[in-house]
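Dropping data_5.tsv in here (TSV, C-alpha atoms):
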```tsv
chain	number	residue	atom	x	y	z
E	1	MET	CA	261.09	209.94	12.32
E	2	ILE	CA	259.20	211.81	15.00
E	3	SER	CA	261.08	214.94	16.05
E	4	GLN	CA	261.99	215.94	19.58
E	5	ALA	CA	259.70	218.96	19.25
E	6	GLU	CA	256.78	216.71	18.30
E	7	LYS	CA	257.49	214.47	21.31
E	8	GLU	CA	257.66	217.50	23.58
E	9	ASP	CA	254.36	218.76	22.18
E	10	PHE	CA	252.82	215.32	22.76
E	11	LEU	CA	254.10	215.23	26.37
E	12	LYS	CA	253.33	218.93	26.89
E	13	GLN	CA	256.77	219.60	28.36
E	14	LYS	CA	260.22	220.81	27.41
E	15	ALA	CA	262.87	218.14	27.80
E	16	ILE	CA	265.79	219.21	29.96
E	17	VAL	CA	268.47	217.73	32.16
E	18	ILE	CA	268.59	218.90	35.75
E	19	TRP	CA	272.13	217.98	36.81
E	20	MET	CA	272.44	217.78	40.59
E	21	THR	CA	275.99	217.84	41.88
E	22	GLY	CA	277.58	218.00	45.31
E	23	LEU	CA	279.42	215.98	47.90
E	24	SER	CA	278.39	212.44	48.78
E	25	GLY	CA	275.67	212.80	51.39
E	26	SER	CA	274.67	216.32	50.30
E	27	GLY	CA	271.14	215.19	49.49
E	28	LYS	CA	271.27	214.83	45.71
E	29	THR	CA	269.32	211.57	45.52
E	30	THR	CA	266.77	212.66	48.13
E	31	LEU	CA	266.17	215.96	46.35
E	32	ALA	CA	266.01	214.25	42.94
E	33	SER	CA	263.33	211.87	44.25
E	34	GLY	CA	261.32	214.72	45.72
E	35	LEU	CA	261.59	216.71	42.51
E	36	GLU	CA	260.51	213.72	40.45
E	37	LYS	CA	257.42	213.23	42.63
E	38	ALA	CA	256.53	216.93	42.44
E	39	LEU	CA	256.90	217.02	38.65
E	40	PHE	CA	254.97	213.76	38.20
E	41	ASN	CA	252.13	215.12	40.31
E	42	ARG	CA	251.99	218.09	37.93
E	43	GLY	CA	251.80	215.82	34.87
E	44	TYR	CA	255.44	215.72	33.75
E	45	LEU	CA	257.31	212.62	32.61
E	46	THR	CA	260.76	212.29	34.18
E	47	LYS	CA	263.64	209.87	34.59
E	48	ILE	CA	266.16	209.91	37.45
E	49	LEU	CA	269.70	208.85	36.66
E	50	ASP	CA	271.65	208.27	39.86
E	51	GLY	CA	275.34	207.52	40.30
E	52	ASP	CA	274.84	204.51	42.56
E	53	HIS	CA	272.31	202.90	40.23
E	54	LEU	CA	274.33	203.39	37.07
E	55	ARG	CA	277.50	202.12	38.74
E	56	SER	CA	275.70	198.88	39.57
E	57	GLY	CA	274.65	198.43	35.95
E	58	ILE	CA	275.87	200.12	32.79
E	59	ASN	CA	278.94	201.62	34.50
E	60	LYS	CA	279.82	198.70	36.77
E	61	ASN	CA	283.07	198.19	34.91
E	62	LEU	CA	284.32	201.65	35.98
E	63	GLY	CA	286.31	202.46	39.09
E	64	PHE	CA	287.07	205.84	40.63
E	65	SER	CA	290.27	206.98	38.94
E	66	ASP	CA	290.09	210.40	37.29
E	67	GLN	CA	289.84	208.77	33.86
E	68	GLU	CA	287.09	206.36	34.96
E	69	ARG	CA	285.12	209.14	36.65
E	70	GLN	CA	285.34	211.12	33.40
E	71	GLU	CA	284.05	208.13	31.42
E	72	ASN	CA	281.24	207.61	33.95
E	73	ILE	CA	280.04	211.19	33.44
E	74	ARG	CA	280.44	210.96	29.66
E	75	ARG	CA	278.21	207.88	29.55
E	76	VAL	CA	275.64	209.51	31.82
E	77	ALA	CA	275.54	212.59	29.59
E	78	GLU	CA	275.03	210.46	26.48
E	79	ILE	CA	272.18	208.54	28.16
E	80	SER	CA	270.65	211.81	29.36
E	81	LYS	CA	270.80	213.18	25.84
E	82	LEU	CA	268.80	210.16	24.61
E	83	PHE	CA	266.08	210.86	27.18
E	84	VAL	CA	266.00	214.53	26.17
E	85	GLU	CA	265.63	213.54	22.52
E	86	CYS	CA	262.53	211.55	23.60
E	87	GLY	CA	261.04	214.63	25.25
E	88	ILE	CA	261.68	213.45	28.81
E	89	ILE	CA	262.90	215.55	31.74
E	90	CYS	CA	266.01	213.86	33.09
E	91	ILE	CA	267.07	214.43	36.70
E	92	ASP	CA	270.72	213.44	37.15
E	93	SER	CA	272.30	212.94	40.55
E	94	PHE	CA	276.11	212.70	40.36
E	95	ILE	CA	279.01	213.93	42.45
E	96	SER	CA	280.77	215.03	39.22
E	97	PRO	CA	283.54	216.77	41.18
E	98	SER	CA	285.27	218.77	38.47
E	99	HIS	CA	284.10	221.73	36.44
E	100	GLU	CA	285.61	220.01	33.39
E	101	MET	CA	283.33	216.97	33.85
E	102	ARG	CA	280.21	219.06	34.18
E	103	GLN	CA	281.16	221.16	31.15
E	104	MET	CA	281.69	217.98	29.12
E	105	ALA	CA	278.21	216.79	30.15
E	106	LYS	CA	276.74	220.18	29.27
E	107	SER	CA	278.39	220.14	25.83
E	108	ILE	CA	277.08	216.62	25.09
E	109	ILE	CA	273.53	217.39	26.24
E	110	GLY	CA	273.42	220.97	24.95
E	111	SER	CA	273.69	224.12	27.02
E	112	ASP	CA	270.07	225.07	26.29
E	113	ARG	CA	268.87	221.78	27.85
E	114	PHE	CA	271.23	221.62	30.85
E	115	ILE	CA	270.52	223.08	34.28
E	116	GLU	CA	273.25	222.58	36.88
E	117	VAL	CA	272.22	222.54	40.53
E	118	TYR	CA	274.93	222.48	43.19
E	119	LEU	CA	273.80	221.16	46.55
E	120	LYS	CA	275.87	222.98	49.11
E	121	ALA	CA	276.16	220.98	52.31
E	122	SER	CA	278.95	221.26	54.84
E	123	LEU	CA	281.40	218.42	55.23
E	124	GLU	CA	280.09	218.01	58.79
E	125	VAL	CA	276.53	217.44	57.54
E	126	CYS	CA	277.70	215.06	54.82
E	127	GLU	CA	279.72	213.08	57.36
E	128	LYS	CA	276.64	212.72	59.58
E	129	ARG	CA	274.55	211.46	56.65
E	130	ASP	CA	277.32	209.22	55.29
E	131	PRO	CA	275.38	206.13	54.15
E	132	LYS	CA	278.37	204.63	52.30
E	133	GLY	CA	281.09	204.99	54.91
E	134	LEU	CA	283.13	207.29	52.68
E	135	TYR	CA	283.98	209.76	55.41
```

Serialized structure, C-alpha cells:
Amino acid sequence: MISQAEKEDFLKQKAIVIWMTGLSGSGKTTLASGLEKALFNRGYLTKILDGDHLRSGINKNLGFSDQERQENIRRVAEISKLFVECGIICIDSFISPSHEMRQMAKSIIGSDRFIEVYLKASLEVCEKRDPKGLY
C-alpha cells in the first residue's frame, strides 16, 4: 500500500483538516470556499466538507437532536480522516456547537492534523445573513 507520507510527497503538501466552526450565518461556507480557491491557486489539492451538503446526502437520515448532531460530526470526522490519509487538505464547515463534539473530531482525525478555526460573528450579523430562516 502507498503510505500517507508518500501521497503527501507526491502532492507536495501536508494533509490537514481545517475545521471551521461558528454560528449559522457566521461565514463558514463562504470562507471555506475562498480558502479552497486560494489554496488551489497555489497548487494544493483540497476538499470542502460542508454541513448542508452532507446533510443532503450521507447524513440525510440524521436530525438535530444532541445525539444526531454528535453522530453527524463523528461521520464527518471519519470522512475527513480518509481524505487526510490520501494526502488531501480537508476544509470542514460545521456549526459543531459543543467543545465535546470538536474534541471527538480532533481525536478521530488526530490532533497533529486538526486545526480549529472559530468564526466569531455577532448574533445580529448572523441574523442579517440568515439564509435558512433559523433566526

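Residues near the point (270.7, 225.7, 35.2), at a distance of 12 Å or less over all atoms listed in the file, make up Ile16, Val17, Ile18, Trp19, Met20, Thr21, Ile91, Arg102, Lys106, Gly110, Ser111, Asp112, Arg113, Phe114, Ile115, Glu116, Val117 and Tyr118 of chain E.
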
Do you have, as CSV, the list of residues of segment 21-120 of chain E lying at most 7 Å from segment 4-9 of chain E, each with its nearest atom pair and that distance in Å to one decimal, counting only C-alpha atoms and ordered by chain then number?
```
residue,atom,partner,partner_atom,distance
E:Glu85,CA,E:Gln4,CA,5.3
E:Cys86,CA,E:Gln4,CA,6.0
E:Gly87,CA,E:Glu8,CA,4.7
```

Keeping C-alpha atoms, export the residues of the selection given above as a PDB file, in the frame of the given file.
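Resulting contents of part.pdb:
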```pdb
ATOM      1  CA  GLU E  85     265.630 213.540  22.520  1.00  0.00           C
ATOM      2  CA  CYS E  86     262.530 211.550  23.600  1.00  0.00           C
ATOM      3  CA  GLY E  87     261.040 214.630  25.250  1.00  0.00           C
TER       4      GLY E  87
END
```

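Closest approach to Ser80 of chain E among E:Gln67, E:Ser3, E:Thr46, E:Asn41 is made by E:Thr46 (distances from all atoms listed in the file).
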
Point out the residue among E:Ile79, E:Gly25, E:Asp66, E:Lys132 with the least atom-to-atom distance to Glu100 of chain E, counting only C-alpha atoms.
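Under the stated criterion, the closest residue is E:Asp66.
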
Which is closest to Cys126 of chain E among E:Ser93, E:Gln13, E:Ser24, E:Ser33, if we use all atoms listed in the file?
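The shortest atom-to-atom distance to Cys126 of chain E comes from E:Ser24.
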
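For the choices E:Ser26, E:Ile89, E:Arg69, E:Arg75, the atom-to-atom distance to Phe40 of chain E is smallest for E:Ile89 when using only C-alpha atoms.
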
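Among the candidates E:Ala15, E:Ala38, E:Met1, E:Leu31, the one nearest to Phe83 of chain E when counting only C-alpha atoms is E:Ala15.
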
Exercise on segment 64-83 of chain E, axis-aligned box with 4 Å per side, report centre and edge lengths in Å to one decimal, as lines of an AutoDock Vina configuration file:
```
center_x = 278.2
center_y = 209.5
center_z = 32.6
size_x = 32.2
size_y = 15.3
size_z = 24.0
```

Please identify all polymer residues lying at most 12 Å from the point (265.6, 203.8, 30.6) (file coordinates), using only C-alpha atoms, and present the result as a ChimeraX atom specification.
/E:46-50,53-54,57-58,76,79-84,86,88,90

What is the distance, in Å and to one decimal place, between atom CA of Ile108 of chain E and atom CA of Arg74 of chain E?
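These two atoms are separated by 8.0 Å.
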
Suppose you want the space between atom CA of Ala32 of chain E and atom CA of Gly51 of chain E; what is it in Å?
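Computing the Euclidean distance for atom CA of Ala32 of chain E and atom CA of Gly51 of chain E yields 11.8 Å.
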
So what do you get for atom CA of Lys12 of chain E versus atom CA of Gly27 of chain E, distance-wise?
29.0 Å

My list of candidates is E:Ala77, E:Gly43, E:Gly133, E:Ser107. Which is closest to Phe94 of chain E when distances are computed with all atoms listed in the file?
E:Ala77
